[in-house]
>>> print(open('model.tsv').read())   # TSV, N, CA and C atoms
chain	number	residue	atom	x	y	z
H	1	MET	N	0.61	31.16	7.77
H	1	MET	CA	0.57	31.86	6.52
H	1	MET	C	-0.75	31.54	5.84
H	2	SER	N	-1.38	32.55	5.26
H	2	SER	CA	-2.63	32.33	4.56
H	2	SER	C	-2.49	32.77	3.11
H	3	GLN	N	-3.32	32.20	2.27
H	3	GLN	CA	-3.28	32.50	0.85
H	3	GLN	C	-4.50	33.33	0.49
H	4	ASP	N	-4.30	34.39	-0.28
H	4	ASP	CA	-5.41	35.23	-0.73
H	4	ASP	C	-6.13	34.53	-1.87
H	5	LEU	N	-7.38	34.18	-1.65
H	5	LEU	CA	-8.15	33.45	-2.65
H	5	LEU	C	-9.11	34.34	-3.42
H	6	THR	N	-9.15	35.62	-3.10
H	6	THR	CA	-10.06	36.53	-3.79
H	6	THR	C	-9.64	36.69	-5.24
H	7	GLY	N	-10.61	36.90	-6.07
H	7	GLY	CA	-10.35	37.11	-7.49
H	7	GLY	C	-10.20	35.83	-8.29
H	8	ARG	N	-10.28	34.69	-7.65
H	8	ARG	CA	-10.15	33.41	-8.37
H	8	ARG	C	-11.47	33.03	-9.04
H	9	PHE	N	-11.36	32.25	-10.07
H	9	PHE	CA	-12.53	31.66	-10.73
H	9	PHE	C	-13.06	30.59	-9.77
H	10	VAL	N	-14.32	30.70	-9.38
H	10	VAL	CA	-14.90	29.80	-8.39
H	10	VAL	C	-15.73	28.72	-9.07
H	11	VAL	N	-15.44	27.48	-8.72
H	11	VAL	CA	-16.23	26.35	-9.19
H	11	VAL	C	-16.87	25.72	-7.96
H	12	ALA	N	-18.20	25.63	-7.97
H	12	ALA	CA	-18.93	24.99	-6.88
H	12	ALA	C	-19.08	23.51	-7.22
H	13	LEU	N	-18.51	22.67	-6.39
H	13	LEU	CA	-18.64	21.22	-6.54
H	13	LEU	C	-19.60	20.74	-5.46
H	14	ASP	N	-20.85	20.56	-5.84
H	14	ASP	CA	-21.90	20.18	-4.89
H	14	ASP	C	-22.05	18.66	-4.90
H	15	LEU	N	-21.73	18.04	-3.78
H	15	LEU	CA	-21.80	16.59	-3.65
H	15	LEU	C	-23.08	16.12	-2.95
H	16	THR	N	-24.05	16.99	-2.82
H	16	THR	CA	-25.31	16.63	-2.19
H	16	THR	C	-25.90	15.39	-2.87
H	17	GLY	N	-26.17	14.37	-2.09
H	17	GLY	CA	-26.77	13.14	-2.61
H	17	GLY	C	-25.76	12.12	-3.12
H	18	VAL	N	-24.50	12.48	-3.17
H	18	VAL	CA	-23.46	11.56	-3.65
H	18	VAL	C	-23.00	10.66	-2.51
H	19	THR	N	-22.98	9.36	-2.76
H	19	THR	CA	-22.53	8.42	-1.73
H	19	THR	C	-21.50	7.43	-2.25
H	20	ASP	N	-21.07	7.59	-3.52
H	20	ASP	CA	-20.09	6.65	-4.06
H	20	ASP	C	-19.17	7.36	-5.05
H	21	LYS	N	-18.10	6.66	-5.42
H	21	LYS	CA	-17.09	7.21	-6.31
H	21	LYS	C	-17.65	7.58	-7.69
H	22	PRO	N	-18.45	6.73	-8.34
H	22	PRO	CA	-19.00	7.13	-9.64
H	22	PRO	C	-19.80	8.44	-9.57
H	23	GLY	N	-20.56	8.60	-8.49
H	23	GLY	CA	-21.31	9.85	-8.31
H	23	GLY	C	-20.39	11.05	-8.15
H	24	LEU	N	-19.32	10.88	-7.37
H	24	LEU	CA	-18.35	11.94	-7.19
H	24	LEU	C	-17.72	12.31	-8.53
H	25	MET	N	-17.29	11.32	-9.29
H	25	MET	CA	-16.64	11.59	-10.58
H	25	MET	C	-17.59	12.28	-11.55
H	26	ASP	N	-18.87	11.88	-11.55
H	26	ASP	CA	-19.85	12.54	-12.41
H	26	ASP	C	-20.02	14.00	-12.03
H	27	ARG	N	-20.10	14.28	-10.74
H	27	ARG	CA	-20.26	15.67	-10.28
H	27	ARG	C	-19.03	16.51	-10.62
H	28	VAL	N	-17.84	15.94	-10.44
H	28	VAL	CA	-16.61	16.66	-10.78
H	28	VAL	C	-16.59	16.96	-12.27
H	29	ALA	N	-16.89	15.95	-13.08
H	29	ALA	CA	-16.89	16.14	-14.53
H	29	ALA	C	-17.85	17.25	-14.95
H	30	ARG	N	-19.02	17.27	-14.33
H	30	ARG	CA	-20.02	18.30	-14.65
H	30	ARG	C	-19.58	19.67	-14.16
H	31	ALA	N	-19.12	19.76	-12.90
H	31	ALA	CA	-18.75	21.06	-12.32
H	31	ALA	C	-17.59	21.70	-13.06
H	32	LEU	N	-16.61	20.88	-13.46
H	32	LEU	CA	-15.44	21.42	-14.16
H	32	LEU	C	-15.59	21.39	-15.67
H	33	ALA	N	-16.74	20.92	-16.15
H	33	ALA	CA	-17.00	20.80	-17.60
H	33	ALA	C	-15.85	20.05	-18.27
H	34	LEU	N	-15.50	18.89	-17.69
H	34	LEU	CA	-14.40	18.10	-18.23
H	34	LEU	C	-14.82	17.42	-19.53
H	35	PRO	N	-13.86	17.15	-20.40
H	35	PRO	CA	-14.19	16.51	-21.68
H	35	PRO	C	-14.72	15.09	-21.48
H	36	ASP	N	-15.39	14.58	-22.51
H	36	ASP	CA	-15.98	13.24	-22.46
H	36	ASP	C	-14.94	12.16	-22.17
H	37	TRP	N	-13.69	12.39	-22.54
H	37	TRP	CA	-12.66	11.39	-22.35
H	37	TRP	C	-12.11	11.35	-20.91
H	38	PHE	N	-12.65	12.20	-20.02
H	38	PHE	CA	-12.24	12.16	-18.61
H	38	PHE	C	-12.44	10.74	-18.09
H	39	GLY	N	-11.38	10.14	-17.52
H	39	GLY	CA	-11.37	8.73	-17.15
H	39	GLY	C	-12.18	8.32	-15.93
H	40	ARG	N	-12.67	9.28	-15.15
H	40	ARG	CA	-13.49	8.99	-13.96
H	40	ARG	C	-12.80	8.02	-12.98
H	41	ASN	N	-11.50	8.25	-12.77
H	41	ASN	CA	-10.76	7.51	-11.76
H	41	ASN	C	-9.87	8.51	-11.02
H	42	TRP	N	-9.20	8.07	-9.96
H	42	TRP	CA	-8.45	9.00	-9.11
H	42	TRP	C	-7.31	9.67	-9.87
H	43	ASP	N	-6.58	8.90	-10.68
H	43	ASP	CA	-5.48	9.49	-11.44
H	43	ASP	C	-5.98	10.53	-12.44
H	44	ALA	N	-7.08	10.21	-13.11
H	44	ALA	CA	-7.65	11.16	-14.07
H	44	ALA	C	-8.13	12.43	-13.37
H	45	LEU	N	-8.67	12.29	-12.16
H	45	LEU	CA	-9.11	13.46	-11.41
H	45	LEU	C	-7.91	14.33	-11.06
H	46	ALA	N	-6.84	13.71	-10.55
H	46	ALA	CA	-5.64	14.48	-10.20
H	46	ALA	C	-5.08	15.18	-11.44
H	47	ASP	N	-5.00	14.46	-12.54
H	47	ASP	CA	-4.47	15.05	-13.77
H	47	ASP	C	-5.33	16.21	-14.25
H	48	SER	N	-6.64	16.06	-14.19
H	48	SER	CA	-7.55	17.12	-14.65
H	48	SER	C	-7.47	18.36	-13.78
H	49	LEU	N	-7.33	18.16	-12.47
H	49	LEU	CA	-7.22	19.31	-11.58
H	49	LEU	C	-5.93	20.08	-11.82
H	50	CYS	N	-4.90	19.40	-12.28
H	50	CYS	CA	-3.60	20.04	-12.52
H	50	CYS	C	-3.41	20.52	-13.95
H	51	ASP	N	-4.28	20.12	-14.84
H	51	ASP	CA	-4.12	20.40	-16.27
H	51	ASP	C	-4.92	21.64	-16.68
H	52	HIS	N	-4.23	22.75	-16.84
H	52	HIS	CA	-4.90	24.00	-17.20
H	52	HIS	C	-5.66	23.92	-18.52
H	53	THR	N	-5.29	22.99	-19.41
H	53	THR	CA	-5.96	22.92	-20.70
H	53	THR	C	-7.40	22.42	-20.60
H	54	VAL	N	-7.76	21.80	-19.48
H	54	VAL	CA	-9.15	21.34	-19.32
H	54	VAL	C	-9.92	22.17	-18.30
H	55	TRP	N	-9.28	23.20	-17.75
H	55	TRP	CA	-9.97	24.07	-16.80
H	55	TRP	C	-11.03	24.90	-17.52
H	56	PRO	N	-12.07	25.32	-16.79
H	56	PRO	CA	-13.09	26.18	-17.40
H	56	PRO	C	-12.47	27.49	-17.91
H	57	GLU	N	-13.09	28.04	-18.94
H	57	GLU	CA	-12.61	29.30	-19.51
H	57	GLU	C	-12.55	30.38	-18.42
H	58	GLY	N	-11.46	31.08	-18.36
H	58	GLY	CA	-11.28	32.14	-17.37
H	58	GLY	C	-10.52	31.69	-16.14
H	59	ALA	N	-10.51	30.40	-15.87
H	59	ALA	CA	-9.86	29.90	-14.65
H	59	ALA	C	-8.35	29.98	-14.73
H	60	VAL	N	-7.79	29.79	-15.91
H	60	VAL	CA	-6.33	29.81	-16.05
H	60	VAL	C	-5.79	31.20	-15.70
H	61	GLU	N	-6.46	32.22	-16.22
H	61	GLU	CA	-6.00	33.59	-15.99
H	61	GLU	C	-6.16	34.01	-14.53
H	62	GLN	N	-7.21	33.58	-13.88
H	62	GLN	CA	-7.54	34.02	-12.53
H	62	GLN	C	-7.04	33.08	-11.44
H	63	GLY	N	-6.75	31.84	-11.80
H	63	GLY	CA	-6.56	30.80	-10.81
H	63	GLY	C	-7.93	30.22	-10.50
H	64	MET	N	-7.98	29.04	-9.95
H	64	MET	CA	-9.27	28.38	-9.72
H	64	MET	C	-9.42	27.99	-8.25
H	65	LEU	N	-10.59	28.28	-7.74
H	65	LEU	CA	-10.99	27.91	-6.38
H	65	LEU	C	-12.15	26.94	-6.50
H	66	VAL	N	-11.96	25.70	-6.07
H	66	VAL	CA	-13.02	24.70	-6.08
H	66	VAL	C	-13.58	24.63	-4.66
H	67	VAL	N	-14.86	24.94	-4.54
H	67	VAL	CA	-15.54	24.91	-3.24
H	67	VAL	C	-16.40	23.65	-3.21
H	68	VAL	N	-16.03	22.72	-2.35
H	68	VAL	CA	-16.73	21.44	-2.23
H	68	VAL	C	-17.76	21.57	-1.12
H	69	ARG	N	-19.01	21.39	-1.47
H	69	ARG	CA	-20.07	21.47	-0.46
H	69	ARG	C	-20.94	20.21	-0.53
H	70	GLY	N	-21.65	19.95	0.55
H	70	GLY	CA	-22.49	18.76	0.61
H	70	GLY	C	-21.69	17.48	0.65
H	71	TRP	N	-20.45	17.54	1.13
H	71	TRP	CA	-19.53	16.41	1.13
H	71	TRP	C	-19.68	15.49	2.34
H	72	GLN	N	-20.30	15.96	3.40
H	72	GLN	CA	-20.34	15.18	4.64
H	72	GLN	C	-21.02	13.82	4.49
H	73	PRO	N	-22.19	13.72	3.83
H	73	PRO	CA	-22.80	12.39	3.67
H	73	PRO	C	-21.92	11.42	2.87
H	74	TYR	N	-21.22	11.93	1.88
H	74	TYR	CA	-20.30	11.08	1.12
H	74	TYR	C	-19.18	10.58	2.02
H	75	ALA	N	-18.63	11.48	2.83
H	75	ALA	CA	-17.55	11.12	3.75
H	75	ALA	C	-18.00	10.05	4.74
H	76	GLU	N	-19.26	10.12	5.18
H	76	GLU	CA	-19.79	9.13	6.12
H	76	GLU	C	-20.09	7.80	5.43
H	77	ALA	N	-20.63	7.86	4.20
H	77	ALA	CA	-21.02	6.64	3.49
H	77	ALA	C	-19.81	5.88	2.94
H	78	SER	N	-18.79	6.61	2.54
H	78	SER	CA	-17.61	5.99	1.91
H	78	SER	C	-16.34	6.62	2.45
H	79	PRO	N	-16.03	6.36	3.73
H	79	PRO	CA	-14.89	7.06	4.36
H	79	PRO	C	-13.54	6.81	3.68
H	80	GLU	N	-13.29	5.60	3.21
H	80	GLU	CA	-12.01	5.33	2.54
H	80	GLU	C	-11.91	6.09	1.22
H	81	GLN	N	-12.99	6.07	0.46
H	81	GLN	CA	-13.00	6.81	-0.80
H	81	GLN	C	-12.86	8.31	-0.54
H	82	TRP	N	-13.51	8.81	0.49
H	82	TRP	CA	-13.42	10.23	0.81
H	82	TRP	C	-11.99	10.61	1.19
H	83	ARG	N	-11.32	9.74	1.95
H	83	ARG	CA	-9.90	10.00	2.28
H	83	ARG	C	-9.06	10.08	1.00
H	84	THR	N	-9.33	9.18	0.08
H	84	THR	CA	-8.60	9.20	-1.19
H	84	THR	C	-8.91	10.48	-1.95
H	85	ALA	N	-10.17	10.88	-1.98
H	85	ALA	CA	-10.54	12.12	-2.66
H	85	ALA	C	-9.79	13.31	-2.05
H	86	GLN	N	-9.73	13.37	-0.74
H	86	GLN	CA	-9.02	14.46	-0.07
H	86	GLN	C	-7.53	14.44	-0.43
H	87	GLU	N	-6.95	13.25	-0.49
H	87	GLU	CA	-5.54	13.13	-0.87
H	87	GLU	C	-5.32	13.62	-2.30
H	88	VAL	N	-6.24	13.29	-3.20
H	88	VAL	CA	-6.14	13.73	-4.59
H	88	VAL	C	-6.25	15.25	-4.66
H	89	PHE	N	-7.22	15.83	-3.94
H	89	PHE	CA	-7.35	17.28	-3.93
H	89	PHE	C	-6.08	17.93	-3.39
H	90	ALA	N	-5.55	17.41	-2.29
H	90	ALA	CA	-4.35	17.99	-1.67
H	90	ALA	C	-3.14	17.89	-2.60
H	91	GLU	N	-2.97	16.75	-3.23
H	91	GLU	CA	-1.85	16.57	-4.16
H	91	GLU	C	-1.96	17.55	-5.32
H	92	ALA	N	-3.17	17.71	-5.86
H	92	ALA	CA	-3.36	18.63	-6.98
H	92	ALA	C	-3.04	20.06	-6.57
H	93	VAL	N	-3.45	20.45	-5.39
H	93	VAL	CA	-3.17	21.80	-4.90
H	93	VAL	C	-1.66	21.98	-4.71
H	94	ASP	N	-0.99	20.96	-4.19
H	94	ASP	CA	0.46	21.03	-4.00
H	94	ASP	C	1.18	21.18	-5.34
H	95	ARG	N	0.68	20.51	-6.36
H	95	ARG	CA	1.32	20.54	-7.68
H	95	ARG	C	0.96	21.76	-8.51
H	96	THR	N	-0.12	22.45	-8.14
H	96	THR	CA	-0.66	23.52	-8.98
H	96	THR	C	-0.92	24.76	-8.13
H	97	PRO	N	0.03	25.70	-8.08
H	97	PRO	CA	-0.11	26.88	-7.21
H	97	PRO	C	-1.36	27.73	-7.49
H	98	SER	N	-1.87	27.69	-8.72
H	98	SER	CA	-3.03	28.51	-9.05
H	98	SER	C	-4.35	27.82	-8.72
H	99	LEU	N	-4.29	26.65	-8.08
H	99	LEU	CA	-5.47	25.89	-7.69
H	99	LEU	C	-5.63	25.88	-6.18
H	100	ALA	N	-6.86	26.07	-5.72
H	100	ALA	CA	-7.19	25.90	-4.30
H	100	ALA	C	-8.48	25.10	-4.23
H	101	VAL	N	-8.56	24.19	-3.27
H	101	VAL	CA	-9.77	23.41	-3.02
H	101	VAL	C	-10.11	23.60	-1.56
H	102	VAL	N	-11.35	23.99	-1.29
H	102	VAL	CA	-11.79	24.19	0.09
H	102	VAL	C	-13.07	23.39	0.33
H	103	LEU	N	-13.24	22.93	1.57
H	103	LEU	CA	-14.44	22.22	1.97
H	103	LEU	C	-15.35	23.20	2.69
H	104	ALA	N	-16.54	23.36	2.17
H	104	ALA	CA	-17.52	24.25	2.81
H	104	ALA	C	-18.14	23.52	3.98
H	105	LEU	N	-18.24	24.19	5.10
H	105	LEU	CA	-18.90	23.65	6.28
H	105	LEU	C	-20.32	24.18	6.33
H	106	GLY	N	-21.21	23.42	6.92
H	106	GLY	CA	-22.59	23.86	7.01
H	106	GLY	C	-23.46	23.15	6.01
H	107	GLY	N	-24.70	23.60	5.93
H	107	GLY	CA	-25.68	22.98	5.06
H	107	GLY	C	-25.40	23.24	3.60
H	108	THR	N	-26.00	22.43	2.74
H	108	THR	CA	-25.81	22.58	1.31
H	108	THR	C	-26.61	23.74	0.75
H	109	SER	N	-27.51	24.30	1.54
H	109	SER	CA	-28.26	25.46	1.06
H	109	SER	C	-27.48	26.74	1.27
H	110	GLN	N	-26.32	26.63	1.88
H	110	GLN	CA	-25.46	27.78	2.13
H	110	GLN	C	-25.06	28.43	0.81
H	111	VAL	N	-25.13	29.73	0.73
H	111	VAL	CA	-24.77	30.47	-0.47
H	111	VAL	C	-23.30	30.86	-0.38
H	112	ILE	N	-22.57	30.61	-1.45
H	112	ILE	CA	-21.18	31.01	-1.51
H	112	ILE	C	-21.15	32.50	-1.79
H	113	GLY	N	-20.40	33.24	-0.97
H	113	GLY	CA	-20.28	34.68	-1.18
H	113	GLY	C	-19.70	34.97	-2.54
H	114	ARG	N	-20.27	35.92	-3.24
H	114	ARG	CA	-19.80	36.24	-4.58
H	114	ARG	C	-19.06	37.56	-4.57
H	115	ASP	N	-17.85	37.51	-5.00
H	115	ASP	CA	-17.02	38.69	-5.18
H	115	ASP	C	-17.28	39.17	-6.61
H	116	PRO	N	-17.39	40.48	-6.85
H	116	PRO	CA	-17.64	40.95	-8.22
H	116	PRO	C	-16.61	40.45	-9.22
H	117	GLY	N	-15.42	40.11	-8.76
H	117	GLY	CA	-14.38	39.63	-9.66
H	117	GLY	C	-14.41	38.13	-9.87
H	118	CYS	N	-15.36	37.43	-9.26
H	118	CYS	CA	-15.41	35.96	-9.36
H	118	CYS	C	-16.57	35.53	-10.24
H	119	SER	N	-16.39	34.39	-10.86
H	119	SER	CA	-17.45	33.74	-11.59
H	119	SER	C	-17.76	32.45	-10.88
H	120	VAL	N	-19.00	32.02	-10.93
H	120	VAL	CA	-19.37	30.76	-10.31
H	120	VAL	C	-19.77	29.80	-11.42
H	121	GLY	N	-19.05	28.70	-11.49
H	121	GLY	CA	-19.38	27.66	-12.45
H	121	GLY	C	-20.18	26.58	-11.79
H	122	ALA	N	-21.07	25.94	-12.53
H	122	ALA	CA	-21.88	24.88	-11.94
H	122	ALA	C	-21.75	23.61	-12.73
>>> encode(input="model.tsv", output="structure tokens")
Amino acid sequence: MSQDLTGRFVVALDLTGVTDKPGLMDRVARALALPDWFGRNWDALADSLCDHTVWPEGAVEQGMLVVVRGWQPYAEASPEQWRTAQEVFAEAVDRTPSLAVVLALGGTSQVIGRDPGCSVGA
């Protein structure tokens, strides 16, 4: 079974150059425009991904697709943390039907295809 992801609000989470948890949390906070009180820990990340009140404008109505790119160096540098990050993403997706998180394969210079109905947040 596959899920139709077209028409979702797209957030690009670029992890290029990130090799540790603080860097990951900073990039997530920036990409999702999370409030200053975002706790920058795994529980806060899971809560933020599931909490529509902190999602970018337009994402609640459309659903949100988070495209994670440039993640491979982080996964190699911090494999245990990366496993935890994947578990957090998976749990958030399980808890929130309007959320999808995908890992982009290939180089970080890869352009995400833009559907006229999608917005790209940075």
>>> residues_around(input="model.tsv", residues="Asp51 of chain H", least_positions_apart="5", cutoff="10 Å", atoms="only C-alpha atoms", output="ChimeraX atom specification")
/H:45-46,60,92,96
>>> residues_around(input="model.tsv", residues="Ala33 of chain H", least_positions_apart="6", cutoff="12 Å", atoms="only C-alpha atoms", output="count of residues only")
16
>>> closest_residue(input="model.tsv", among="H:Gly23, H:Glu91, H:Trp37, H:Val102", to="Cys50 of chain H", atoms="all atoms listed in the file")
H:Glu91
>>> select_by_dssp(input="model.tsv", residues="chain H", states="strand (DSSP E or B)", output="JSON, numbers by chain")
{"H": [9, 10, 11, 12, 13, 14, 64, 65, 66, 67, 68, 69, 99, 100, 101, 102, 103, 120, 121]}
>>> write_last_selection(input="model.tsv", atoms="N, CA and C atoms", output="mmCIF file, in the frame of the given file")
data_model
loop_
_atom_site.group_PDB
_atom_site.id
_atom_site.type_symbol
_atom_site.label_atom_id
_atom_site.label_comp_id
_atom_site.auth_asym_id
_atom_site.auth_seq_id
_atom_site.Cartn_x
_atom_site.Cartn_y
_atom_site.Cartn_z
ATOM 1 N N PHE H 9 -11.360 32.250 -10.070
ATOM 2 C CA PHE H 9 -12.530 31.660 -10.730
ATOM 3 C C PHE H 9 -13.060 30.590 -9.770
ATOM 4 N N VAL H 10 -14.320 30.700 -9.380
ATOM 5 C CA VAL H 10 -14.900 29.800 -8.390
ATOM 6 C C VAL H 10 -15.730 28.720 -9.070
ATOM 7 N N VAL H 11 -15.440 27.480 -8.720
ATOM 8 C CA VAL H 11 -16.230 26.350 -9.190
ATOM 9 C C VAL H 11 -16.870 25.720 -7.960
ATOM 10 N N ALA H 12 -18.200 25.630 -7.970
ATOM 11 C CA ALA H 12 -18.930 24.990 -6.880
ATOM 12 C C ALA H 12 -19.080 23.510 -7.220
ATOM 13 N N LEU H 13 -18.510 22.670 -6.390
ATOM 14 C CA LEU H 13 -18.640 21.220 -6.540
ATOM 15 C C LEU H 13 -19.600 20.740 -5.460
ATOM 16 N N ASP H 14 -20.850 20.560 -5.840
ATOM 17 C CA ASP H 14 -21.900 20.180 -4.890
ATOM 18 C C ASP H 14 -22.050 18.660 -4.900
ATOM 19 N N MET H 64 -7.980 29.040 -9.950
ATOM 20 C CA MET H 64 -9.270 28.380 -9.720
ATOM 21 C C MET H 64 -9.420 27.990 -8.250
ATOM 22 N N LEU H 65 -10.590 28.280 -7.740
ATOM 23 C CA LEU H 65 -10.990 27.910 -6.380
ATOM 24 C C LEU H 65 -12.150 26.940 -6.500
ATOM 25 N N VAL H 66 -11.960 25.700 -6.070
ATOM 26 C CA VAL H 66 -13.020 24.700 -6.080
ATOM 27 C C VAL H 66 -13.580 24.630 -4.660
ATOM 28 N N VAL H 67 -14.860 24.940 -4.540
ATOM 29 C CA VAL H 67 -15.540 24.910 -3.240
ATOM 30 C C VAL H 67 -16.400 23.650 -3.210
ATOM 31 N N VAL H 68 -16.030 22.720 -2.350
ATOM 32 C CA VAL H 68 -16.730 21.440 -2.230
ATOM 33 C C VAL H 68 -17.760 21.570 -1.120
ATOM 34 N N ARG H 69 -19.010 21.390 -1.470
ATOM 35 C CA ARG H 69 -20.070 21.470 -0.460
ATOM 36 C C ARG H 69 -20.940 20.210 -0.530
ATOM 37 N N LEU H 99 -4.290 26.650 -8.080
ATOM 38 C CA LEU H 99 -5.470 25.890 -7.690
ATOM 39 C C LEU H 99 -5.630 25.880 -6.180
ATOM 40 N N ALA H 100 -6.860 26.070 -5.720
ATOM 41 C CA ALA H 100 -7.190 25.900 -4.300
ATOM 42 C C ALA H 100 -8.480 25.100 -4.230
ATOM 43 N N VAL H 101 -8.560 24.190 -3.270
ATOM 44 C CA VAL H 101 -9.770 23.410 -3.020
ATOM 45 C C VAL H 101 -10.110 23.600 -1.560
ATOM 46 N N VAL H 102 -11.350 23.990 -1.290
ATOM 47 C CA VAL H 102 -11.790 24.190 0.090
ATOM 48 C C VAL H 102 -13.070 23.390 0.330
ATOM 49 N N LEU H 103 -13.240 22.930 1.570
ATOM 50 C CA LEU H 103 -14.440 22.220 1.970
ATOM 51 C C LEU H 103 -15.350 23.200 2.690
ATOM 52 N N VAL H 120 -19.000 32.020 -10.930
ATOM 53 C CA VAL H 120 -19.370 30.760 -10.310
ATOM 54 C C VAL H 120 -19.770 29.800 -11.420
ATOM 55 N N GLY H 121 -19.050 28.700 -11.490
ATOM 56 C CA GLY H 121 -19.380 27.660 -12.450
ATOM 57 C C GLY H 121 -20.180 26.580 -11.790
#
>>> residues_around(input="model.tsv", residues="Ala104 of chain H", least_positions_apart="3", cutoff="8 Å", atoms="all atoms listed in the file", output="PDB file with N, CA and C atoms, in the coordinates of the input")
ATOM      1  N   VAL H  66     -11.960  25.700  -6.070  1.00  0.00           N
ATOM      2  CA  VAL H  66     -13.020  24.700  -6.080  1.00  0.00           C
ATOM      3  C   VAL H  66     -13.580  24.630  -4.660  1.00  0.00           C
ATOM      4  N   VAL H  67     -14.860  24.940  -4.540  1.00  0.00           N
ATOM      5  CA  VAL H  67     -15.540  24.910  -3.240  1.00  0.00           C
ATOM      6  C   VAL H  67     -16.400  23.650  -3.210  1.00  0.00           C
ATOM      7  N   VAL H  68     -16.030  22.720  -2.350  1.00  0.00           N
ATOM      8  CA  VAL H  68     -16.730  21.440  -2.230  1.00  0.00           C
ATOM      9  C   VAL H  68     -17.760  21.570  -1.120  1.00  0.00           C
ATOM     10  N   ARG H  69     -19.010  21.390  -1.470  1.00  0.00           N
ATOM     11  CA  ARG H  69     -20.070  21.470  -0.460  1.00  0.00           C
ATOM     12  C   ARG H  69     -20.940  20.210  -0.530  1.00  0.00           C
ATOM     13  N   GLY H  70     -21.650  19.950   0.550  1.00  0.00           N
ATOM     14  CA  GLY H  70     -22.490  18.760   0.610  1.00  0.00           C
ATOM     15  C   GLY H  70     -21.690  17.480   0.650  1.00  0.00           C
ATOM     16  N   TRP H  71     -20.450  17.540   1.130  1.00  0.00           N
ATOM     17  CA  TRP H  71     -19.530  16.410   1.130  1.00  0.00           C
ATOM     18  C   TRP H  71     -19.680  15.490   2.340  1.00  0.00           C
ATOM     19  N   GLN H  72     -20.300  15.960   3.400  1.00  0.00           N
ATOM     20  CA  GLN H  72     -20.340  15.180   4.640  1.00  0.00           C
ATOM     21  C   GLN H  72     -21.020  13.820   4.490  1.00  0.00           C
ATOM     22  N   VAL H 101      -8.560  24.190  -3.270  1.00  0.00           N
ATOM     23  CA  VAL H 101      -9.770  23.410  -3.020  1.00  0.00           C
ATOM     24  C   VAL H 101     -10.110  23.600  -1.560  1.00  0.00           C
ATOM     25  N   GLY H 107     -24.700  23.600   5.930  1.00  0.00           N
ATOM     26  CA  GLY H 107     -25.680  22.980   5.060  1.00  0.00           C
ATOM     27  C   GLY H 107     -25.400  23.240   3.600  1.00  0.00           C
TER      28      GLY H 107
END
>>> select_by_dssp(input="model.tsv", residues="segment 2-62 of chain H", states="alpha helix (DSSP H)", output="NGL selection string")
:H and (21-31 or 42-50 or 59-62)
>>> decode(input="model.tsv", residues="segment 87-98 of chain H", atoms="N, CA and C atoms", output="mmCIF file, in the first residue's frame")
data_model
loop_
_atom_site.group_PDB
_atom_site.id
_atom_site.type_symbol
_atom_site.label_atom_id
_atom_site.label_comp_id
_atom_site.auth_asym_id
_atom_site.auth_seq_id
_atom_site.Cartn_x
_atom_site.Cartn_y
_atom_site.Cartn_z
ATOM 1 N N GLU H 87 13.822 6.712 14.697
ATOM 2 C CA GLU H 87 12.736 6.222 15.548
ATOM 3 C C GLU H 87 11.766 7.347 15.898
ATOM 4 N N VAL H 88 12.295 8.531 16.178
ATOM 5 C CA VAL H 88 11.450 9.686 16.495
ATOM 6 C C VAL H 88 10.607 10.060 15.279
ATOM 7 N N PHE H 89 11.228 10.107 14.101
ATOM 8 C CA PHE H 89 10.472 10.420 12.888
ATOM 9 C C PHE H 89 9.371 9.386 12.663
ATOM 10 N N ALA H 90 9.703 8.111 12.806
ATOM 11 C CA ALA H 90 8.728 7.036 12.570
ATOM 12 C C ALA H 90 7.575 7.107 13.572
ATOM 13 N N GLU H 91 7.888 7.334 14.830
ATOM 14 C CA GLU H 91 6.844 7.436 15.850
ATOM 15 C C GLU H 91 5.920 8.613 15.559
ATOM 16 N N ALA H 92 6.504 9.748 15.170
ATOM 17 C CA ALA H 92 5.691 10.931 14.866
ATOM 18 C C ALA H 92 4.766 10.664 13.684
ATOM 19 N N VAL H 93 5.267 9.990 12.675
ATOM 20 C CA VAL H 93 4.445 9.663 11.508
ATOM 21 C C VAL H 93 3.323 8.701 11.911
ATOM 22 N N ASP H 94 3.632 7.733 12.757
ATOM 23 C CA ASP H 94 2.612 6.794 13.224
ATOM 24 C C ASP H 94 1.511 7.507 14.011
ATOM 25 N N ARG H 95 1.893 8.507 14.788
ATOM 26 C CA ARG H 95 0.933 9.231 15.628
ATOM 27 C C ARG H 95 0.175 10.314 14.885
ATOM 28 N N THR H 96 0.681 10.729 13.723
ATOM 29 C CA THR H 96 0.124 11.891 13.026
ATOM 30 C C THR H 96 -0.106 11.554 11.554
ATOM 31 N N PRO H 97 -1.325 11.147 11.192
ATOM 32 C CA PRO H 97 -1.594 10.720 9.810
ATOM 33 C C PRO H 97 -1.305 11.783 8.747
ATOM 34 N N SER H 98 -1.365 13.058 9.108
ATOM 35 C CA SER H 98 -1.129 14.112 8.121
ATOM 36 C C SER H 98 0.347 14.456 7.970
#
